[in-house]
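Pasted below: entry16.pdb, PDB, C-alpha atoms.
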```
ATOM      1  CA  MET A   1     -46.552 -42.698   2.042
ATOM      2  CA  MET A   2     -48.199 -41.060  -0.953
ATOM      3  CA  MET A   3     -47.036 -37.687   0.308
ATOM      4  CA  THR A   4     -43.417 -38.944   0.388
ATOM      5  CA  HIS A   5     -43.650 -40.154  -3.224
ATOM      6  CA  PHE A   6     -44.954 -36.740  -4.198
ATOM      7  CA  LEU A   7     -42.366 -34.598  -2.345
ATOM      8  CA  LEU A   8     -39.241 -36.615  -3.210
ATOM      9  CA  PRO A   9     -39.310 -35.954  -6.986
ATOM     10  CA  LEU A  10     -40.087 -32.299  -6.287
ATOM     11  CA  LEU A  11     -37.080 -31.935  -3.976
ATOM     12  CA  LEU A  12     -34.804 -33.650  -6.478
ATOM     13  CA  SER A  13     -35.924 -31.346  -9.259
ATOM     14  CA  LEU A  14     -35.292 -28.289  -7.082
ATOM     15  CA  ILE A  15     -31.793 -29.496  -6.200
ATOM     16  CA  ASN A  16     -30.947 -30.181  -9.841
ATOM     17  CA  SER A  17     -32.242 -26.804 -10.966
ATOM     18  CA  SER A  18     -30.236 -25.112  -8.190
ATOM     19  CA  CYS A  19     -27.056 -26.887  -9.277
ATOM     20  CA  TRP A  20     -27.725 -25.996 -12.912
ATOM     21  CA  CYS A  21     -28.190 -22.343 -12.028
ATOM     22  CA  SER A  22     -25.005 -22.238  -9.951
ATOM     23  CA  ALA A  23     -23.048 -23.778 -12.801
ATOM     24  CA  PHE A  24     -24.359 -21.718 -15.723
ATOM     25  CA  SER A  25     -25.867 -18.519 -14.364
ATOM     26  CA  PRO A  26     -23.784 -15.431 -13.404
ATOM     27  CA  SER A  27     -22.221 -15.852  -9.984
ATOM     28  CA  PRO A  28     -23.846 -13.815  -7.212
ATOM     29  CA  ASN A  29     -20.395 -13.166  -5.803
ATOM     30  CA  PRO A  30     -19.548  -9.436  -6.227
ATOM     31  CA  ILE A  31     -16.046 -10.325  -7.437
ATOM     32  CA  SER A  32     -17.563 -11.575 -10.708
ATOM     33  CA  ARG A  33     -18.647  -8.014 -11.520
ATOM     34  CA  LYS A  34     -15.258  -6.447 -10.990
ATOM     35  CA  SER A  35     -12.996  -5.281 -13.777
ATOM     36  CA  CYS A  36     -10.172  -7.462 -15.047
ATOM     37  CA  SER A  37      -7.514  -5.429 -13.244
ATOM     38  CA  THR A  38      -9.410  -5.688  -9.973
ATOM     39  CA  LEU A  39      -9.754  -9.426 -10.453
ATOM     40  CA  GLN A  40      -6.008  -9.728 -10.961
ATOM     41  CA  GLU A  41      -5.462  -7.713  -7.779
ATOM     42  CA  SER A  42      -7.855  -9.954  -5.851
ATOM     43  CA  TYR A  43      -6.149 -13.100  -7.087
ATOM     44  CA  TYR A  44      -2.763 -11.597  -6.213
ATOM     45  CA  TYR A  45      -3.714 -11.070  -2.576
ATOM     46  CA  GLN A  46      -5.372 -14.481  -2.392
ATOM     47  CA  GLU A  47      -2.195 -16.119  -3.704
ATOM     48  CA  GLU A  48      -0.070 -14.124  -1.265
ATOM     49  CA  ALA A  49      -2.240 -15.260   1.634
ATOM     50  CA  GLN A  50      -2.256 -18.902   0.523
ATOM     51  CA  ARG A  51       1.430 -19.102  -0.390
ATOM     52  CA  PRO A  52       3.454 -21.006   2.233
ATOM     53  CA  GLN A  53       5.382 -18.535   4.341
ATOM     54  CA  SER A  54       9.066 -18.893   5.096
ATOM     55  CA  THR A  55       9.784 -20.790   8.288
ATOM     56  CA  PHE A  56      13.295 -19.373   8.571
ATOM     57  CA  THR A  57      14.168 -17.833  11.941
ATOM     58  CA  LEU A  58      17.462 -16.573  13.292
ATOM     59  CA  ASP A  59      18.584 -15.247  16.650
ATOM     60  CA  PRO A  60      20.072 -11.794  15.895
ATOM     61  CA  THR A  61      22.740 -12.339  18.552
ATOM     62  CA  SER A  62      23.884 -15.705  17.146
ATOM     63  CA  GLU A  63      27.216 -16.322  15.447
ATOM     64  CA  ARG A  64      25.504 -16.973  12.136
ATOM     65  CA  ALA A  65      23.720 -13.635  12.324
ATOM     66  CA  LYS A  66      27.023 -11.943  13.065
ATOM     67  CA  ASP A  67      28.607 -13.708  10.087
ATOM     68  CA  ILE A  68      25.866 -12.535   7.710
ATOM     69  CA  ILE A  69      25.634  -8.963   9.001
ATOM     70  CA  GLN A  70      29.297  -8.166   9.539
ATOM     71  CA  ASN A  71      31.194 -10.497   7.206
ATOM     72  CA  HIS A  72      28.892 -10.872   4.197
ATOM     73  CA  LEU A  73      27.154  -7.481   4.284
ATOM     74  CA  GLY A  74      30.067  -5.525   5.751
ATOM     75  CA  LEU A  75      28.128  -3.707   8.472
ATOM     76  CA  THR A  76      29.633  -2.602  11.775
ATOM     77  CA  GLN A  77      29.035  -3.993  15.255
ATOM     78  CA  ASN A  78      27.041  -0.862  16.110
ATOM     79  CA  GLN A  79      24.775  -1.377  13.098
ATOM     80  CA  HIS A  80      24.332  -5.020  14.091
ATOM     81  CA  ASN A  81      23.274  -3.869  17.552
ATOM     82  CA  GLN A  82      20.761  -1.438  16.019
ATOM     83  CA  LEU A  83      19.273  -4.211  13.868
ATOM     84  CA  THR A  84      18.955  -6.424  16.939
ATOM     85  CA  GLN A  85      17.224  -3.603  18.810
ATOM     86  CA  LEU A  86      14.955  -3.043  15.802
ATOM     87  CA  ALA A  87      13.762  -6.652  15.965
ATOM     88  CA  LYS A  88      12.922  -6.267  19.657
ATOM     89  CA  LEU A  89      11.105  -2.966  19.135
ATOM     90  CA  VAL A  90       8.959  -4.391  16.330
ATOM     91  CA  VAL A  91       7.922  -7.296  18.571
ATOM     92  CA  THR A  92       7.001  -4.862  21.358
ATOM     93  CA  TRP A  93       5.006  -2.530  19.106
ATOM     94  CA  ASN A  94       3.342  -5.424  17.324
ATOM     95  CA  GLN A  95       1.553  -6.244  20.569
ATOM     96  CA  LYS A  96      -0.138  -2.824  20.370
ATOM     97  CA  ILE A  97      -0.469  -2.293  16.606
ATOM     98  CA  ASN A  98      -0.520  -4.925  13.903
ATOM     99  CA  LEU A  99       2.742  -4.007  12.124
ATOM    100  CA  VAL A 100       3.404  -7.544  10.860
ATOM    101  CA  SER A 101       1.591 -10.839  11.279
ATOM    102  CA  ARG A 102       1.001 -11.486  14.969
ATOM    103  CA  LYS A 103       1.174 -15.227  14.412
ATOM    104  CA  ASP A 104       4.474 -16.483  15.768
ATOM    105  CA  CYS A 105       5.922 -12.969  16.205
ATOM    106  CA  THR A 106       9.270 -13.253  17.960
ATOM    107  CA  THR A 107      12.624 -11.508  17.741
ATOM    108  CA  GLU A 108      13.989 -14.476  15.759
ATOM    109  CA  VAL A 109      11.082 -14.323  13.291
ATOM    110  CA  ILE A 110      11.376 -10.562  12.764
ATOM    111  CA  PHE A 111      15.118 -10.807  12.210
ATOM    112  CA  GLY A 112      15.007 -13.862   9.945
ATOM    113  CA  ARG A 113      11.904 -13.137   7.853
ATOM    114  CA  HIS A 114      11.801  -9.339   7.732
ATOM    115  CA  ILE A 115      15.159  -7.742   8.493
ATOM    116  CA  LEU A 116      17.450 -10.073   6.536
ATOM    117  CA  PRO A 117      15.304 -10.078   3.348
ATOM    118  CA  SER A 118      15.216  -6.273   3.542
ATOM    119  CA  LEU A 119      19.013  -6.143   3.768
ATOM    120  CA  ALA A 120      19.258  -8.226   0.587
ATOM    121  CA  LEU A 121      18.491  -4.952  -1.231
ATOM    122  CA  LEU A 122      21.866  -3.547  -0.150
ATOM    123  CA  SER A 123      23.781  -5.059  -3.062
ATOM    124  CA  PRO A 124      21.660  -3.604  -5.909
ATOM    125  CA  LEU A 125      21.140  -0.376  -3.949
ATOM    126  CA  LEU A 126      24.810   0.367  -3.328
ATOM    127  CA  ASN A 127      25.883  -0.773  -6.808
ATOM    128  CA  LYS A 128      23.399   1.542  -8.498
ATOM    129  CA  LYS A 129      24.997   4.674  -9.941
ATOM    130  CA  SER A 130      23.512   7.588 -11.844
ATOM    131  CA  ASP A 131      24.516   8.506 -15.388
ATOM    132  CA  ASP A 132      26.807  11.192 -13.990
ATOM    133  CA  GLY A 133      28.506   8.663 -11.696
ATOM    134  CA  SER A 134      26.880   9.863  -8.490
ATOM    135  CA  ILE A 135      25.679   7.310  -5.962
ATOM    136  CA  VAL A 136      22.201   6.904  -4.514
ATOM    137  CA  SER A 137      21.148   9.729  -2.174
ATOM    138  CA  LYS A 138      17.346   9.491  -1.900
ATOM    139  CA  VAL A 139      15.178   6.376  -1.528
ATOM    140  CA  VAL A 140      11.400   6.100  -1.135
ATOM    141  CA  ASP A 141       9.800   3.030   0.451
ATOM    142  CA  VAL A 142       6.186   2.812  -0.759
ATOM    143  CA  GLY A 143       3.840   0.685   1.354
ATOM    144  CA  THR A 144       6.338   0.378   4.191
ATOM    145  CA  GLY A 145       3.803  -1.022   6.685
ATOM    146  CA  GLY A 146       5.819  -1.803   9.798
ATOM    147  CA  GLY A 147       8.947  -0.215   8.316
ATOM    148  CA  PHE A 148      10.183  -2.854   5.903
ATOM    149  CA  PRO A 149      12.379  -2.721   3.954
ATOM    150  CA  GLY A 150      13.031   0.940   4.803
ATOM    151  CA  LEU A 151      14.102   0.714   8.462
ATOM    152  CA  PRO A 152      16.846  -1.952   8.060
ATOM    153  CA  LEU A 153      18.158  -0.186   4.945
ATOM    154  CA  ALA A 154      18.309   3.172   6.743
ATOM    155  CA  ILE A 155      20.362   1.568   9.535
ATOM    156  CA  ALA A 156      22.718   0.037   6.976
ATOM    157  CA  CYS A 157      22.983   3.232   4.877
ATOM    158  CA  PRO A 158      23.174   6.258   7.203
ATOM    159  CA  LYS A 159      24.260   8.590   4.373
ATOM    160  CA  ILE A 160      21.152   7.915   2.284
ATOM    161  CA  ASP A 161      17.882   9.767   2.987
ATOM    162  CA  PHE A 162      14.784   7.574   3.213
ATOM    163  CA  LEU A 163      11.102   8.458   2.919
ATOM    164  CA  LEU A 164       8.766   5.765   4.300
ATOM    165  CA  VAL A 165       5.231   6.011   2.907
ATOM    166  CA  ASP A 166       2.073   4.241   4.010
ATOM    167  CA  SER A 167      -1.669   4.892   3.988
ATOM    168  CA  VAL A 168      -2.151   3.554   7.545
ATOM    169  CA  GLY A 169      -1.361   6.345   9.988
ATOM    170  CA  LYS A 170      -1.158   4.254  13.156
ATOM    171  CA  LYS A 171       1.578   2.091  11.633
ATOM    172  CA  LEU A 172       3.617   5.169  10.762
ATOM    173  CA  LYS A 173       3.229   6.485  14.307
ATOM    174  CA  ALA A 174       4.796   3.260  15.557
ATOM    175  CA  VAL A 175       7.537   3.566  12.933
ATOM    176  CA  ASP A 176       8.226   7.144  14.077
ATOM    177  CA  GLU A 177       8.604   5.934  17.671
ATOM    178  CA  ILE A 178      10.995   3.197  16.538
ATOM    179  CA  VAL A 179      13.033   5.732  14.561
ATOM    180  CA  THR A 180      13.295   7.926  17.665
ATOM    181  CA  SER A 181      14.304   4.980  19.859
ATOM    182  CA  LEU A 182      17.086   4.050  17.432
ATOM    183  CA  SER A 183      18.214   7.697  17.026
ATOM    184  CA  LEU A 184      18.008   7.476  13.232
ATOM    185  CA  LYS A 185      18.439  10.856  11.520
ATOM    186  CA  ASN A 186      17.989   9.824   7.875
ATOM    187  CA  ILE A 187      14.298   8.800   7.903
ATOM    188  CA  GLU A 188      11.112  10.740   7.282
ATOM    189  CA  THR A 189       7.620   9.285   7.110
ATOM    190  CA  LEU A 190       4.641  10.315   4.999
ATOM    191  CA  HIS A 191       1.042   9.341   5.713
ATOM    192  CA  GLU A 192      -0.396   9.184   2.217
ATOM    193  CA  ARG A 193      -1.838   6.836  -0.365
ATOM    194  CA  ALA A 194       0.742   5.878  -2.980
ATOM    195  CA  GLU A 195      -1.232   7.207  -5.943
ATOM    196  CA  TYR A 196      -1.432  10.708  -4.406
ATOM    197  CA  ILE A 197       2.199  11.220  -3.376
ATOM    198  CA  VAL A 198       3.186  13.205  -6.465
ATOM    199  CA  ASP A 199       0.081  15.432  -6.193
ATOM    200  CA  ASP A 200       1.318  17.135  -3.037
ATOM    201  CA  ILE A 201       0.270  20.664  -4.032
ATOM    202  CA  GLN A 202       1.206  22.234  -0.687
ATOM    203  CA  GLY A 203       4.693  20.736  -1.005
ATOM    204  CA  LYS A 204       4.926  22.083  -4.574
ATOM    205  CA  LYS A 205       5.149  18.509  -5.849
ATOM    206  CA  LYS A 206       8.542  18.017  -4.239
ATOM    207  CA  HIS A 207       8.242  14.248  -4.681
ATOM    208  CA  MET A 208       7.896  14.408  -8.475
ATOM    209  CA  ASN A 209      10.923  12.649 -10.085
ATOM    210  CA  ALA A 210      12.834  13.186  -6.828
ATOM    211  CA  TYR A 211      14.108   9.702  -5.923
ATOM    212  CA  ASP A 212      17.015   7.634  -7.160
ATOM    213  CA  VAL A 213      15.422   4.390  -6.023
ATOM    214  CA  CYS A 214      11.973   3.216  -5.015
ATOM    215  CA  VAL A 215      11.700   0.028  -2.948
ATOM    216  CA  GLY A 216       8.711  -2.090  -1.998
ATOM    217  CA  ARG A 217       7.874  -5.527  -0.673
ATOM    218  CA  SER A 218       4.850  -7.418  -2.063
ATOM    219  CA  VAL A 219       2.649  -4.331  -1.847
ATOM    220  CA  ALA A 220       0.571  -4.953  -4.986
ATOM    221  CA  THR A 221       0.818  -6.504  -8.429
ATOM    222  CA  ILE A 222       3.894  -5.281 -10.304
ATOM    223  CA  PRO A 223       1.964  -3.300 -12.980
ATOM    224  CA  LYS A 224      -0.087  -1.508 -10.326
ATOM    225  CA  PHE A 225       2.972  -0.756  -8.176
ATOM    226  CA  CYS A 226       4.759   0.591 -11.265
ATOM    227  CA  PHE A 227       1.790   2.857 -11.945
ATOM    228  CA  TRP A 228       1.937   4.242  -8.407
ATOM    229  CA  THR A 229       5.681   4.877  -8.401
ATOM    230  CA  GLN A 230       6.569   5.827 -11.984
ATOM    231  CA  ASP A 231       6.506   9.593 -11.316
ATOM    232  CA  LEU A 232       8.535   9.328  -8.101
ATOM    233  CA  LEU A 233      11.661   8.076  -9.872
ATOM    234  CA  ARG A 234      14.229  10.288 -11.531
ATOM    235  CA  SER A 235      13.328  10.487 -15.193
ATOM    236  CA  LYS A 236      16.619   9.219 -16.632
ATOM    237  CA  ASP A 237      18.301   6.913 -14.168
ATOM    238  CA  GLY A 238      15.724   6.048 -11.492
ATOM    239  CA  ARG A 239      15.336   2.410 -10.443
ATOM    240  CA  LEU A 240      12.514   0.374  -8.927
ATOM    241  CA  MET A 241      13.691  -2.484  -6.659
ATOM    242  CA  TYR A 242      10.839  -4.780  -5.754
ATOM    243  CA  ILE A 243      10.751  -7.794  -3.435
ATOM    244  CA  VAL A 244       8.197 -10.303  -4.705
ATOM    245  CA  GLY A 245       7.433 -14.013  -4.575
ATOM    246  CA  GLY A 246       5.567 -16.491  -6.742
ATOM    247  CA  ASP A 247       5.442 -16.757 -10.517
ATOM    248  CA  ILE A 248       6.206 -13.637 -12.546
ATOM    249  CA  ASP A 249       4.913 -13.036 -16.059
ATOM    250  CA  ASP A 250       7.625 -13.594 -18.685
ATOM    251  CA  ASP A 251       6.949 -10.208 -20.287
ATOM    252  CA  ILE A 252       7.607  -8.453 -16.963
ATOM    253  CA  LEU A 253      10.755 -10.489 -16.333
ATOM    254  CA  SER A 254      12.057  -9.510 -19.769
ATOM    255  CA  ARG A 255      11.924  -5.856 -18.714
ATOM    256  CA  THR A 256      14.061  -6.255 -15.594
ATOM    257  CA  GLU A 257      17.589  -4.963 -15.350
ATOM    258  CA  SER A 258      18.461  -7.772 -12.925
ATOM    259  CA  THR A 259      16.725 -10.589 -11.094
ATOM    260  CA  SER A 260      18.260 -12.218  -8.009
ATOM    261  CA  THR A 261      17.008 -14.410  -5.205
ATOM    262  CA  ILE A 262      17.348 -13.172  -1.652
ATOM    263  CA  ASN A 263      19.503 -16.180  -0.823
ATOM    264  CA  GLU A 264      21.940 -15.284  -3.617
ATOM    265  CA  LEU A 265      22.215 -11.672  -2.489
ATOM    266  CA  LEU A 266      22.823 -12.714   1.123
ATOM    267  CA  GLN A 267      25.234 -15.470  -0.041
ATOM    268  CA  GLN A 268      23.394 -18.163   1.892
ATOM    269  CA  GLU A 269      22.986 -21.812   0.916
ATOM    270  CA  GLU A 270      20.124 -22.457   3.339
ATOM    271  CA  GLU A 271      16.896 -20.926   2.070
ATOM    272  CA  ILE A 272      16.088 -17.750   3.974
ATOM    273  CA  SER A 273      13.278 -16.655   1.674
ATOM    274  CA  ASP A 274      11.627 -17.899  -1.515
ATOM    275  CA  LYS A 275      11.268 -14.346  -2.835
ATOM    276  CA  ARG A 276      13.279 -12.485  -5.444
ATOM    277  CA  ILE A 277      14.379  -8.902  -5.987
ATOM    278  CA  LEU A 278      13.535  -7.444  -9.383
ATOM    279  CA  VAL A 279      15.269  -4.260 -10.549
ATOM    280  CA  PHE A 280      13.560  -2.153 -13.230
ATOM    281  CA  PRO A 281      14.919   0.972 -14.960
ATOM    282  CA  GLN A 282      12.558   3.941 -14.944
ATOM    283  CA  SER A 283      11.758   3.626 -18.661
ATOM    284  CA  GLN A 284      10.531   0.059 -18.166
ATOM    285  CA  VAL A 285       8.568   1.068 -15.072
ATOM    286  CA  GLN A 286       6.569   3.437 -17.278
ATOM    287  CA  THR A 287       6.042   0.741 -19.916
ATOM    288  CA  ILE A 288       4.753  -1.744 -17.335
ATOM    289  CA  ALA A 289       2.604   0.939 -15.680
ATOM    290  CA  ALA A 290       0.788   1.476 -18.984
ATOM    291  CA  THR A 291      -0.494  -2.123 -18.799
ATOM    292  CA  SER A 292      -1.970  -1.731 -15.301
ATOM    293  CA  GLY A 293      -5.357  -0.456 -16.397
ATOM    294  CA  GLU A 294      -5.104   2.314 -13.785
ATOM    295  CA  LYS A 295      -5.934   5.962 -14.492
ATOM    296  CA  LYS A 296      -4.376   9.013 -12.936
ATOM    297  CA  SER A 297      -6.622  11.069 -10.698
ATOM    298  CA  LYS A 298      -6.051  13.933  -8.298
ATOM    299  CA  ARG A 299      -7.645  13.884  -4.888
ATOM    300  CA  ASN A 300      -7.738  17.698  -4.528
ATOM    301  CA  PRO A 301      -7.095  19.310  -7.927
ATOM    302  CA  ALA A 302      -5.981  22.948  -7.764
ATOM    303  CA  ASN A 303      -8.569  24.085 -10.323
ATOM    304  CA  SER A 304     -11.540  22.598  -8.539
ATOM    305  CA  LYS A 305     -14.468  25.002  -8.147
ATOM    306  CA  LYS A 306     -16.633  25.343  -5.091
ATOM    307  CA  ILE A 307     -20.334  24.772  -5.585
ATOM    308  CA  LYS A 308     -22.296  28.013  -5.330
ATOM    309  CA  ARG A 309     -25.670  27.598  -3.730
ATOM    310  CA  ASN A 310     -28.673  29.666  -4.838
ATOM    311  CA  LYS A 311     -29.642  31.507  -1.687
ATOM    312  CA  SER A 312     -32.842  32.851  -3.226
ATOM    313  CA  LYS A 313     -34.428  29.430  -3.047
ATOM    314  CA  LEU A 314     -35.311  28.192   0.377
ATOM    315  CA  SER A 315     -34.822  24.601   1.318
ATOM    316  CA  LYS A 316     -37.796  22.631   2.474
ATOM    317  CA  GLY A 317     -38.864  23.940   5.885
ATOM    318  CA  GLY A 318     -36.731  27.067   5.558
ATOM    319  CA  TRP A 319     -37.836  30.575   6.584
ATOM    320  CA  THR A 320     -36.736  34.188   6.267
ATOM    321  CA  LYS A 321     -37.234  37.313   8.372
ATOM    322  CA  ARG A 322     -40.525  39.063   7.658
ATOM    323  CA  ASP A 323     -40.493  42.482   5.957
ATOM    324  CA  ASN A 324     -42.564  44.768   8.246
ATOM    325  CA  SER A 325     -42.975  47.400   5.496
ATOM    326  CA  ALA A 326     -44.971  45.037   3.335
ATOM    327  CA  PRO A 327     -48.746  45.000   3.765
ATOM    328  CA  LYS A 328     -50.038  42.294   5.991
ATOM    329  CA  GLN A 329     -51.953  39.576   4.285
ATOM    330  CA  ARG A 330     -54.818  38.527   6.532
ATOM    331  CA  GLY A 331     -57.235  37.502   3.885
ATOM    332  CA  TYR A 332     -59.968  40.053   4.729
ATOM    333  CA  GLU A 333     -58.651  43.503   3.636
ATOM    334  CA  ASN A 334     -61.499  43.977   1.128
ATOM    335  CA  PHE A 335     -64.155  42.494   3.379
ATOM    336  CA  GLN A 336     -67.565  44.133   3.079
ATOM    337  CA  ARG A 337     -70.532  43.598   5.399
ATOM    338  CA  TYR A 338     -73.903  43.368   3.766
ATOM    339  CA  GLU A 339     -76.989  44.274   5.705
ATOM    340  CA  SER A 340     -79.985  42.042   5.423
TER     341      SER A 340
END
```

With the file now loaded, output its structure as structure tokens.
Amino acid sequence: MMMTHFLLPLLLSLINSSCWCSAFSPSPNPISRKSCSTLQESYYYQEEAQRPQSTFTLDPTSERAKDIIQNHLGLTQNQHNQLTQLAKLVVTWNQKINLVSRKDCTTEVIFGRHILPSLALLSPLLNKKSDDGSIVSKVVDVGTGGGFPGLPLAIACPKIDFLLVDSVGKKLKAVDEIVTSLSLKNIETLHERAEYIVDDIQGKKKHMNAYDVCVGRSVATIPKFCFWTQDLLRSKDGRLMYIVGGDIDDDILSRTESTSTINELLQQEEEISDKRILVFPQSQVQTIAATSGEKKSKRNPANSKKIKRNKSKLSKGGWTKRDNSAPKQRGYENFQRYES
């Protein structure tokens, strides 16, 4: 009994001190030591994961799908068939490689939640014209993942060349197989991290300021994505078209050329997606990129120097071939015997 009266106050004091420390001392969680930009990135992905996902599904062979694809978007029956086949191929490949979320992955889900939102980019893409009046000819899809939005757009726009970029090689291998199955001739893929695309020394920096439009879908925070893609866009009339959900900072919204919901672009009253498409001119992409906190770095700079090792110094445990011309050192060359 006396022992209980002694231990109880001690336990209570330990609990209180533990609570006080957790409330006022620095958190042991590593995220507390990250920079502000990294924290924003972490919160972005947490919000993306926690945000309720669209429950919209649509059978690609249904009358409503035909109405959207052929009547509202103006695509042909053959293109509709290719989009239907694309949905089936993604489902098949997703069983082998995680291209999209494997939870509830069906043809209806792929068509309703991935293909249709990708096709919402058609309106701003086809209405975009260069200063000289020329139409879009080259598009880069950064962070394509399982091929979205690049694959549906390439089917809808066979005269536009698309480059699909991702850092995950196995996803791009699946995308390449899908491209072959659909006999698409206007798609190339590039296995590379976004921040290193323009530093392609072997390709003589062919991607620098080479694209009319860059597209992406919830790849990263907008400032960070702008930092990655700013040098890919044509310097005068390039455009970034970004699919994103959630709340957007007012300062970023003020720099857009246009902002439209996916439902508006697809001319649908029923909500297909809660995301929007933001269009930024290249000049504003650079301005936003400057606020990202990122710094440019080259993975393999051309002027890098190889480290020269001093061969005269042996490493620990090393040995060299003995010089036979040198006198042998046995420790008794000058030995003299004294007689007693």

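For the atom pair formed by CA of Gln77 in chain A and CA of Ser183 in chain A, the distance is 16.0 Å, given to one decimal.
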
Using CA of Lys88 in chain A and CA of Asp176 in chain A as the two end points, give the distance in Å to one decimal. 15.3 Å

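With CA of Ser254 in chain A on one side and CA of Tyr211 in chain A on the other, the separation reads 23.8 Å.
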
Need to verify the contact set: Asn81 in chain A, 10 Å, all atoms listed in the file, exclusion of same-chain residues closer than 3 positions in sequence. Can you return it as number ranges by chain? A: 60-61, 66, 76-78, 84-86

The PyMOL selection byres ((chain A and resi 287) around 10) resolved against shown file, as number ranges by chain: A: 223, 226-227, 230, 252, 255, 282-286, 288-292

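Each of A:Ser297, A:Gln70, A:Thr57, A:Ser118 was compared to Glu271 in chain A using all atoms listed in the file, and A:Thr57 turns out to be the nearest.
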
Evaluating the PyMOL selection byres ((chain A and resi 281) around 10) on the displayed file yields which residues, as a PDB file with C-alpha atoms, in the coordinates of the input?
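Wrote out-v1.pdb, looks like this:
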```pdb
ATOM      1  CA  VAL A 213      15.422   4.390  -6.023  1.00  0.00           C
ATOM      2  CA  LEU A 233      11.661   8.076  -9.872  1.00  0.00           C
ATOM      3  CA  ARG A 234      14.229  10.288 -11.531  1.00  0.00           C
ATOM      4  CA  SER A 235      13.328  10.487 -15.193  1.00  0.00           C
ATOM      5  CA  LYS A 236      16.619   9.219 -16.632  1.00  0.00           C
ATOM      6  CA  ASP A 237      18.301   6.913 -14.168  1.00  0.00           C
ATOM      7  CA  GLY A 238      15.724   6.048 -11.492  1.00  0.00           C
ATOM      8  CA  ARG A 239      15.336   2.410 -10.443  1.00  0.00           C
ATOM      9  CA  LEU A 240      12.514   0.374  -8.927  1.00  0.00           C
ATOM     10  CA  MET A 241      13.691  -2.484  -6.659  1.00  0.00           C
ATOM     11  CA  ARG A 255      11.924  -5.856 -18.714  1.00  0.00           C
ATOM     12  CA  THR A 256      14.061  -6.255 -15.594  1.00  0.00           C
ATOM     13  CA  GLU A 257      17.589  -4.963 -15.350  1.00  0.00           C
ATOM     14  CA  SER A 258      18.461  -7.772 -12.925  1.00  0.00           C
ATOM     15  CA  VAL A 279      15.269  -4.260 -10.549  1.00  0.00           C
ATOM     16  CA  PHE A 280      13.560  -2.153 -13.230  1.00  0.00           C
ATOM     17  CA  GLN A 282      12.558   3.941 -14.944  1.00  0.00           C
ATOM     18  CA  SER A 283      11.758   3.626 -18.661  1.00  0.00           C
ATOM     19  CA  GLN A 284      10.531   0.059 -18.166  1.00  0.00           C
ATOM     20  CA  VAL A 285       8.568   1.068 -15.072  1.00  0.00           C
ATOM     21  CA  GLN A 286       6.569   3.437 -17.278  1.00  0.00           C
TER      22      GLN A 286
END
```

Residues matched by the PyMOL selection byres ((chain A and resi 122) around 9) as a ChimeraX atom specification: /A:73,118-121,123-127,153,156-157,265

Min atom-atom distance to Glu195 in chain A from the set A:Gly245, A:Gly112, A:Pro149, A:Gly143, counting only C-alpha atoms, belongs to A:Gly143
